[in-house]
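Asker: Provided herewith is a single structure, encoded as structure tokens, for subsequent inquiry.
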Amino acid sequence: MTESEHHDAQKGGADYVRAMYRAMIQARALENKLSSLYKAGKIVGGVYLGKGQEAVSAALGAALIPGRDLYAPLIRDQAGRTAFGEPLIDCARAYLGSALGPMRGRDGNIHRGRPLEGMFAMISHLGSAVSVVAGGLLAKRLQGKLAGCVGATCVGDGATSTGAFHEGLNMAAVEKLPLVIVVANNQFAYSTPNHRQFACEDLADRAKGYGVMGHKVDGTDFLACAAVIGQAVSLARSGAGPQLVVAQLLRLSGHGEHDDGSYVPDAIRAGSYGRDCMDVAEKQMIEHQIMSAEEMDRIREQAAIEVQAAVAQAQQEPAPDPYREDWRAFGSNFAETL
């Protein structure tokens with residue numbers, strides 16, 4: 001998002017939600033293609049889809065400013081990555097093992113990033129992203145570069161039970177860092193239901209214990225995500241300290257493409273959190289006259305073309321050569337650029 005578009009995001013304006021929607025459509029088209037490639041045996045390793053979480057993810061990514069803010073996306077954050085400015089070719093190259101990708105074909109598909117540009121590489125130990133982003137913000141403060149900056153990440157409900165989540169959020173609260181943590185509570189930490197993870201009534205209640213501001217949102221409600229998450233980012237940027245947003249939703253596929261999600265009860269799937277945020281977004285865009293059905297059709301058509309082009313390009317590119325490869329993923333000056 002550009003500097004001028006950021007002001008619109010603060011108001012939850014039309015340009016902000018349009019940017020969200022475009023990112024959601026591109027992410028859904030890309031991930032549908034990745035699913036097909038995985039099932040055809042063209043992808044080695046896991047494929048993890050963000051279907052059902054795109055509104056939450058895109059709302060966060062679109063509220064951030066590339067080049068200024070820090071962003072640590074996780075496994076279901078393709079929409080957020082796209083909204084933050086990650087090119088589709090980065091994702092295609094990562095999944096198809098191209099040596100020209102941001103991690104040179106060695107990232108395990110989702111463990112990619114461009115930290116020199118403010119996008120941290122994803123960490124499988126999900127709560128760790130909170131500590132990493134908090135550390136990046138503290139580094140910026142020590143360098144005198146923190147003014148107007150926000151650091152953000154999105155974690156799952158299971159990550160809130162980790163020590164790294166607690167330590168990172170506690171430090172951010174004490175230091176009053178502009179950190180935004182979005183908890184995508186998809187009701188299951190892989191297959192472990194909420195009631196076997198935490199005893200509090202709502203994860204948002206934990207915010208008071210840390211001394212930070214807490215927010216709740218229906219993660220399937222497109223415009224609500226734009227308003228609540230956009231506001232949380234604005235509050236952090238204006239000096240209000242860390243913000244904890246808990247979004248209630250349900251992933252609409254398994255934990256990964258290897259998982260059928262059979263442990264999710266039918267009653268939960270049929271409930272309000274089982275609705276597709278993409279369908280909700282399109283209905284709300286038309287109802288509020290933000291975008292017409294024809295405009296949305298054009299965006300979908302263009303996304304399909306762009307995804308196909310990115311995949312076709314990545315498929316033709318070379319894989320890493322183990323005998324010639326420089327195995328350092330990033331330059332030694334990374335810390336100096338935070």
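We name chains A, B, ... following the order of the structure tokens; residues begin at 1 in each chain, and ligands are numbered from 1 as shown.
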Going by DSSP on the backbone, which residues of range 47-214 of chain A come out as strand (DSSP E or B)? List them as JSON, numbers by chain.
Answerer: {"A": [70, 71, 72, 114, 119, 151, 152, 153, 154, 155, 156, 179, 180, 181, 182, 183, 184, 185, 188, 189, 192, 193, 213, 214]}
Asker: Report as a short mmCIF file (atom, residue, chain, number, x, y, z; two decimals) with C-alpha atoms, in the first residue's frame all protein, DNA and RNA residues lying within 7 Å of range 235-242 of chain A, evaluated on only C-alpha atoms, omitting residues in the same chain fewer than 6 positions from it.
Answerer:
```cif
data_model
loop_
_atom_site.label_atom_id
_atom_site.label_comp_id
_atom_site.auth_asym_id
_atom_site.auth_seq_id
_atom_site.Cartn_x
_atom_site.Cartn_y
_atom_site.Cartn_z
CA GLY A 148 5.59 5.99 11.87
CA CYS A 149 6.45 2.30 11.61
CA VAL A 150 4.27 -0.73 12.44
CA ALA A 172 6.26 -5.42 23.18
CA ALA A 173 3.79 -4.32 25.85
CA LYS A 176 5.10 0.00 24.05
CA LEU A 177 6.12 -1.11 20.57
CA PRO A 178 3.80 -0.53 17.57
CA LEU A 179 3.10 -4.25 17.19
CA VAL A 180 -0.13 -5.66 15.74
CA VAL A 212 -2.44 -4.04 25.52
CA MET A 213 -5.54 -3.11 23.55
#
```
Asker: Neighbouring residues of range 278-294 of chain A were defined as those with any atom within 10 Å, considering only C-alpha atoms; residues of the same chain fewer than 6 positions away were excluded. Please report them as a list of chain:residue names.
Answerer: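 Everything that qualifies: A:Gly13, A:Ala14, A:Asp15, A:Val17, A:Arg18, A:Met20, A:Tyr21, A:Met24, A:Ile25, A:Arg28, A:Lys51, A:Gly52, A:Gln53, A:Glu54, A:Ala55, A:Thr220, A:Asp221, A:Phe222, A:Leu223, A:Arg300.
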Asker: Could you write out the selected residues, including N, CA and C atoms, as a PDB file, in the first residue's frame?
Answerer:
```pdb
ATOM      1  N   GLY A  13     -11.585   3.185   4.037  1.00  0.00           N
ATOM      2  CA  GLY A  13     -12.199   3.694   2.820  1.00  0.00           C
ATOM      3  C   GLY A  13     -12.259   2.705   1.685  1.00  0.00           C
ATOM      4  N   ALA A  14     -12.850   3.158   0.586  1.00  0.00           N
ATOM      5  CA  ALA A  14     -13.110   2.289  -0.559  1.00  0.00           C
ATOM      6  C   ALA A  14     -11.831   1.770  -1.193  1.00  0.00           C
ATOM      7  N   ASP A  15     -10.803   2.605  -1.313  1.00  0.00           N
ATOM      8  CA  ASP A  15      -9.559   2.146  -1.932  1.00  0.00           C
ATOM      9  C   ASP A  15      -8.922   1.024  -1.122  1.00  0.00           C
ATOM     10  N   VAL A  17     -10.507  -1.226   0.836  1.00  0.00           N
ATOM     11  CA  VAL A  17     -11.230  -2.488   0.681  1.00  0.00           C
ATOM     12  C   VAL A  17     -11.103  -3.024  -0.736  1.00  0.00           C
ATOM     13  N   ARG A  18     -10.945  -2.148  -1.717  1.00  0.00           N
ATOM     14  CA  ARG A  18     -10.692  -2.635  -3.075  1.00  0.00           C
ATOM     15  C   ARG A  18      -9.342  -3.351  -3.145  1.00  0.00           C
ATOM     16  N   MET A  20      -7.881  -4.832  -0.680  1.00  0.00           N
ATOM     17  CA  MET A  20      -8.106  -6.103   0.000  1.00  0.00           C
ATOM     18  C   MET A  20      -8.714  -7.128  -0.939  1.00  0.00           C
ATOM     19  N   TYR A  21      -9.758  -6.727  -1.630  1.00  0.00           N
ATOM     20  CA  TYR A  21     -10.476  -7.669  -2.494  1.00  0.00           C
ATOM     21  C   TYR A  21      -9.580  -8.175  -3.623  1.00  0.00           C
ATOM     22  N   MET A  24      -7.284 -10.738  -2.246  1.00  0.00           N
ATOM     23  CA  MET A  24      -7.997 -11.979  -1.940  1.00  0.00           C
ATOM     24  C   MET A  24      -8.233 -12.808  -3.198  1.00  0.00           C
ATOM     25  N   ILE A  25      -8.655 -12.147  -4.267  1.00  0.00           N
ATOM     26  CA  ILE A  25      -8.925 -12.844  -5.521  1.00  0.00           C
ATOM     27  C   ILE A  25      -7.634 -13.442  -6.083  1.00  0.00           C
ATOM     28  N   ARG A  28      -6.604 -16.439  -3.890  1.00  0.00           N
ATOM     29  CA  ARG A  28      -7.460 -17.610  -4.082  1.00  0.00           C
ATOM     30  C   ARG A  28      -7.141 -18.292  -5.422  1.00  0.00           C
ATOM     31  N   LYS A  51      -7.800 -20.551   2.327  1.00  0.00           N
ATOM     32  CA  LYS A  51      -9.218 -20.442   2.002  1.00  0.00           C
ATOM     33  C   LYS A  51     -10.048 -20.290   3.269  1.00  0.00           C
ATOM     34  N   GLY A  52     -10.777 -19.182   3.358  1.00  0.00           N
ATOM     35  CA  GLY A  52     -11.571 -18.879   4.535  1.00  0.00           C
ATOM     36  C   GLY A  52     -10.936 -17.839   5.433  1.00  0.00           C
ATOM     37  N   GLN A  53      -9.649 -17.580   5.213  1.00  0.00           N
ATOM     38  CA  GLN A  53      -8.923 -16.617   6.039  1.00  0.00           C
ATOM     39  C   GLN A  53      -8.483 -15.389   5.246  1.00  0.00           C
ATOM     40  N   GLU A  54      -8.854 -15.321   3.974  1.00  0.00           N
ATOM     41  CA  GLU A  54      -8.333 -14.252   3.120  1.00  0.00           C
ATOM     42  C   GLU A  54      -8.723 -12.844   3.583  1.00  0.00           C
ATOM     43  N   ALA A  55      -9.933 -12.674   4.122  1.00  0.00           N
ATOM     44  CA  ALA A  55     -10.354 -11.331   4.538  1.00  0.00           C
ATOM     45  C   ALA A  55      -9.486 -10.826   5.682  1.00  0.00           C
ATOM     46  N   THR A 220     -15.015 -13.831   9.021  1.00  0.00           N
ATOM     47  CA  THR A 220     -15.673 -14.096   7.743  1.00  0.00           C
ATOM     48  C   THR A 220     -16.332 -12.848   7.174  1.00  0.00           C
ATOM     49  N   ASP A 221     -16.394 -11.776   7.974  1.00  0.00           N
ATOM     50  CA  ASP A 221     -17.064 -10.535   7.575  1.00  0.00           C
ATOM     51  C   ASP A 221     -16.032  -9.591   6.966  1.00  0.00           C
ATOM     52  N   PHE A 222     -16.057  -9.451   5.671  1.00  0.00           N
ATOM     53  CA  PHE A 222     -15.069  -8.685   4.908  1.00  0.00           C
ATOM     54  C   PHE A 222     -14.935  -7.246   5.409  1.00  0.00           C
ATOM     55  N   LEU A 223     -16.018  -6.510   5.457  1.00  0.00           N
ATOM     56  CA  LEU A 223     -15.943  -5.101   5.847  1.00  0.00           C
ATOM     57  C   LEU A 223     -15.617  -4.935   7.329  1.00  0.00           C
ATOM     58  N   ARG A 300     -11.175 -11.115 -11.465  1.00  0.00           N
ATOM     59  CA  ARG A 300     -10.994 -12.568 -11.454  1.00  0.00           C
ATOM     60  C   ARG A 300     -10.327 -13.053 -12.745  1.00  0.00           C
TER      61      ARG A 300
END
```
Asker: Taking 5 positions as the minimum chain separation for residues in the same chain, which residues sit within 9 Å of Ala164 in chain A when counting only C-alpha atoms? Answer as a list in words.
Answerer: His125, Leu126, Gly127, Ser128, Ala129, Val130, Ser131, Ala159 and Leu169 of chain A
Asker: How many Å separate CA of Ser234 in chain A from CA of Val132 in chain A?
Answerer: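 Between CA of Ser234 in chain A and CA of Val132 in chain A the gap works out to 20.9 Å.
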Asker: Going by DSSP on the backbone, which residues of range 75-164 of chain A come out as alpha helix (DSSP H)? List them as number ranges by chain.
Answerer: A: 78-84, 88-96, 128-142, 163-164
Asker: Looking at only C-alpha atoms, which of A:Cys225, A:Tyr48, A:Asn170, A:Gly108 is the one that sits closest to Lys208 in chain A?
Answerer: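 For Lys208 in chain A, the nearest of the candidates is A:Asn170.
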Asker: Which of these residues is nearest to Gly80 in chain A, using only C-alpha atoms: A:Arg22, A:His166, A:Arg298, A:Lys39?
Answerer: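 Under the stated criterion, the closest residue is A:Arg22.
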Asker: When distances are computed from only C-alpha atoms, which of A:Gln143, A:Gln197, A:Thr192, A:Thr82 shows the smallest separation from Thr162 in chain A?
Answerer: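 That would be A:Gln197, the residue with the smallest distance to Thr162 in chain A.
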Asker: Using only C-alpha atoms, which of the listed residues (A:Ala40, A:Leu34, A:Ala314, A:Ala83) sits closest to Ala58 in chain A?
Answerer: A:Ala83
Asker: Counting only C-alpha atoms, which residue out of A:Ile89, A:Ile305, A:Leu60, A:Leu252 sits closest to Asp276 in chain A?
Answerer: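 When distances to Asp276 in chain A are compared using only C-alpha atoms, the smallest one comes from A:Leu252.
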Asker: Residues near Ile181 in chain A, anyone? I mean within 10 Å using only C-alpha atoms, not counting same-chain ones fewer than 5 positions away, as a PDB file with N, CA and C atoms, in the first residue's frame.
Answerer:
```
ATOM      1  N   LEU A  60      -4.915  -7.088   6.980  1.00  0.00           N
ATOM      2  CA  LEU A  60      -3.659  -6.725   7.631  1.00  0.00           C
ATOM      3  C   LEU A  60      -2.618  -6.297   6.607  1.00  0.00           C
ATOM      4  N   ALA A  72       5.351 -10.218   9.134  1.00  0.00           N
ATOM      5  CA  ALA A  72       5.721 -11.629   9.214  1.00  0.00           C
ATOM      6  C   ALA A  72       4.496 -12.474   8.874  1.00  0.00           C
ATOM      7  N   ALA A 129       7.137 -15.790  15.410  1.00  0.00           N
ATOM      8  CA  ALA A 129       7.032 -14.576  14.604  1.00  0.00           C
ATOM      9  C   ALA A 129       6.768 -13.351  15.470  1.00  0.00           C
ATOM     10  N   VAL A 130       6.044 -13.539  16.585  1.00  0.00           N
ATOM     11  CA  VAL A 130       5.763 -12.408  17.482  1.00  0.00           C
ATOM     12  C   VAL A 130       7.055 -11.852  18.050  1.00  0.00           C
ATOM     13  N   VAL A 133       9.213 -10.107  15.162  1.00  0.00           N
ATOM     14  CA  VAL A 133       8.741  -8.773  14.779  1.00  0.00           C
ATOM     15  C   VAL A 133       8.982  -7.768  15.908  1.00  0.00           C
ATOM     16  N   GLY A 151       4.866  -2.982  13.076  1.00  0.00           N
ATOM     17  CA  GLY A 151       5.254  -4.366  12.829  1.00  0.00           C
ATOM     18  C   GLY A 151       4.036  -5.240  13.045  1.00  0.00           C
ATOM     19  N   ALA A 152       3.836  -6.224  12.184  1.00  0.00           N
ATOM     20  CA  ALA A 152       2.611  -7.019  12.274  1.00  0.00           C
ATOM     21  C   ALA A 152       2.859  -8.472  11.915  1.00  0.00           C
ATOM     22  N   THR A 153       2.059  -9.323  12.512  1.00  0.00           N
ATOM     23  CA  THR A 153       2.036 -10.727  12.144  1.00  0.00           C
ATOM     24  C   THR A 153       0.663 -11.296  12.417  1.00  0.00           C
ATOM     25  N   CYS A 154       0.368 -12.416  11.778  1.00  0.00           N
ATOM     26  CA  CYS A 154      -0.890 -13.126  11.993  1.00  0.00           C
ATOM     27  C   CYS A 154      -0.553 -14.534  12.429  1.00  0.00           C
ATOM     28  N   VAL A 155      -1.077 -14.950  13.568  1.00  0.00           N
ATOM     29  CA  VAL A 155      -0.813 -16.294  14.084  1.00  0.00           C
ATOM     30  C   VAL A 155      -2.134 -17.031  14.279  1.00  0.00           C
ATOM     31  N   PHE A 165       5.161 -16.593  21.950  1.00  0.00           N
ATOM     32  CA  PHE A 165       4.054 -15.639  21.863  1.00  0.00           C
ATOM     33  C   PHE A 165       3.995 -14.804  23.134  1.00  0.00           C
ATOM     34  N   LEU A 169       4.995 -10.809  23.118  1.00  0.00           N
ATOM     35  CA  LEU A 169       3.946  -9.837  23.398  1.00  0.00           C
ATOM     36  C   LEU A 169       4.213  -9.100  24.702  1.00  0.00           C
ATOM     37  N   GLY A 214      -7.212  -4.827  23.109  1.00  0.00           N
ATOM     38  CA  GLY A 214      -7.758  -6.018  22.474  1.00  0.00           C
ATOM     39  C   GLY A 214      -8.938  -5.689  21.588  1.00  0.00           C
ATOM     40  N   ILE A 229      -9.308  -4.396  11.796  1.00  0.00           N
ATOM     41  CA  ILE A 229      -7.856  -4.574  11.626  1.00  0.00           C
ATOM     42  C   ILE A 229      -7.214  -3.287  11.135  1.00  0.00           C
ATOM     43  N   ALA A 232      -6.791  -1.162  14.159  1.00  0.00           N
ATOM     44  CA  ALA A 232      -5.716  -1.626  15.030  1.00  0.00           C
ATOM     45  C   ALA A 232      -4.357  -1.170  14.514  1.00  0.00           C
ATOM     46  N   VAL A 233      -4.156  -1.258  13.204  1.00  0.00           N
ATOM     47  CA  VAL A 233      -2.892  -0.807  12.614  1.00  0.00           C
ATOM     48  C   VAL A 233      -2.725   0.694  12.809  1.00  0.00           C
ATOM     49  N   PRO A 242       1.004  -1.902  21.499  1.00  0.00           N
ATOM     50  CA  PRO A 242       0.601  -3.142  20.841  1.00  0.00           C
ATOM     51  C   PRO A 242      -0.911  -3.319  20.782  1.00  0.00           C
ATOM     52  N   GLN A 243      -1.354  -3.979  19.703  1.00  0.00           N
ATOM     53  CA  GLN A 243      -2.776  -4.254  19.486  1.00  0.00           C
ATOM     54  C   GLN A 243      -2.935  -5.753  19.241  1.00  0.00           C
ATOM     55  N   LEU A 244      -3.877  -6.359  19.940  1.00  0.00           N
ATOM     56  CA  LEU A 244      -4.170  -7.778  19.766  1.00  0.00           C
ATOM     57  C   LEU A 244      -5.568  -7.913  19.175  1.00  0.00           C
ATOM     58  N   VAL A 245      -5.654  -8.475  17.978  1.00  0.00           N
ATOM     59  CA  VAL A 245      -6.934  -8.663  17.302  1.00  0.00           C
ATOM     60  C   VAL A 245      -7.216 -10.158  17.216  1.00  0.00           C
ATOM     61  N   VAL A 246      -8.375 -10.583  17.672  1.00  0.00           N
ATOM     62  CA  VAL A 246      -8.767 -11.988  17.577  1.00  0.00           C
ATOM     63  C   VAL A 246      -9.908 -12.093  16.565  1.00  0.00           C
TER      64      VAL A 246
END
```
Asker: Have a look at CA of Phe120 in chain A and CA of Gly135 in chain A and let me know their distance in Å, one decimal.
Answerer: 11.9 Å
Asker: Which residues are near range 92-102 of chain A? Cut-off 8 Å, only C-alpha atoms, ignore same chain within fewer than 2 positions. Put them as a CSV table (one decimal) with C-alpha atoms, in the first residue's frame.
Answerer:
```csv
chain,number,residue,atom,x,y,z
A,34,LEU,CA,-1.1,-24.7,-6.2
A,42,LYS,CA,4.2,-31.2,-9.5
A,43,ILE,CA,5.0,-29.8,-6.0
A,44,VAL,CA,7.3,-31.4,-3.5
A,88,LEU,CA,2.9,-13.8,-7.6
A,89,ILE,CA,6.1,-15.1,-9.2
A,90,ASP,CA,7.8,-15.2,-5.8
A,104,ARG,CA,16.8,-19.6,-4.2
A,105,GLY,CA,14.6,-22.8,-4.3
A,106,ARG,CA,15.4,-23.9,-0.8
A,107,ASP,CA,12.7,-22.5,1.4
A,108,GLY,CA,10.2,-25.4,1.8
A,109,ASN,CA,7.5,-23.6,-0.2
A,110,ILE,CA,6.1,-21.3,2.5
A,112,ARG,CA,10.0,-17.5,2.0
A,113,GLY,CA,10.5,-13.8,2.6
A,114,ARG,CA,12.3,-10.6,1.6
A,310,ALA,CA,3.7,-16.8,-13.1
A,311,VAL,CA,3.4,-20.6,-12.9
A,314,ALA,CA,8.5,-20.7,-12.8
A,315,GLN,CA,8.2,-24.1,-14.4
A,317,GLU,CA,13.4,-21.9,-14.6
A,318,PRO,CA,16.4,-23.8,-13.3
A,319,ALA,CA,16.5,-25.6,-10.0
A,320,PRO,CA,19.4,-24.9,-7.6
```
Asker: Between A:Asp69, A:Asp157, A:Glu201, A:Asp77, which has the minimum distance to Leu137 in chain A (counting only C-alpha atoms)?
Answerer: A:Asp69
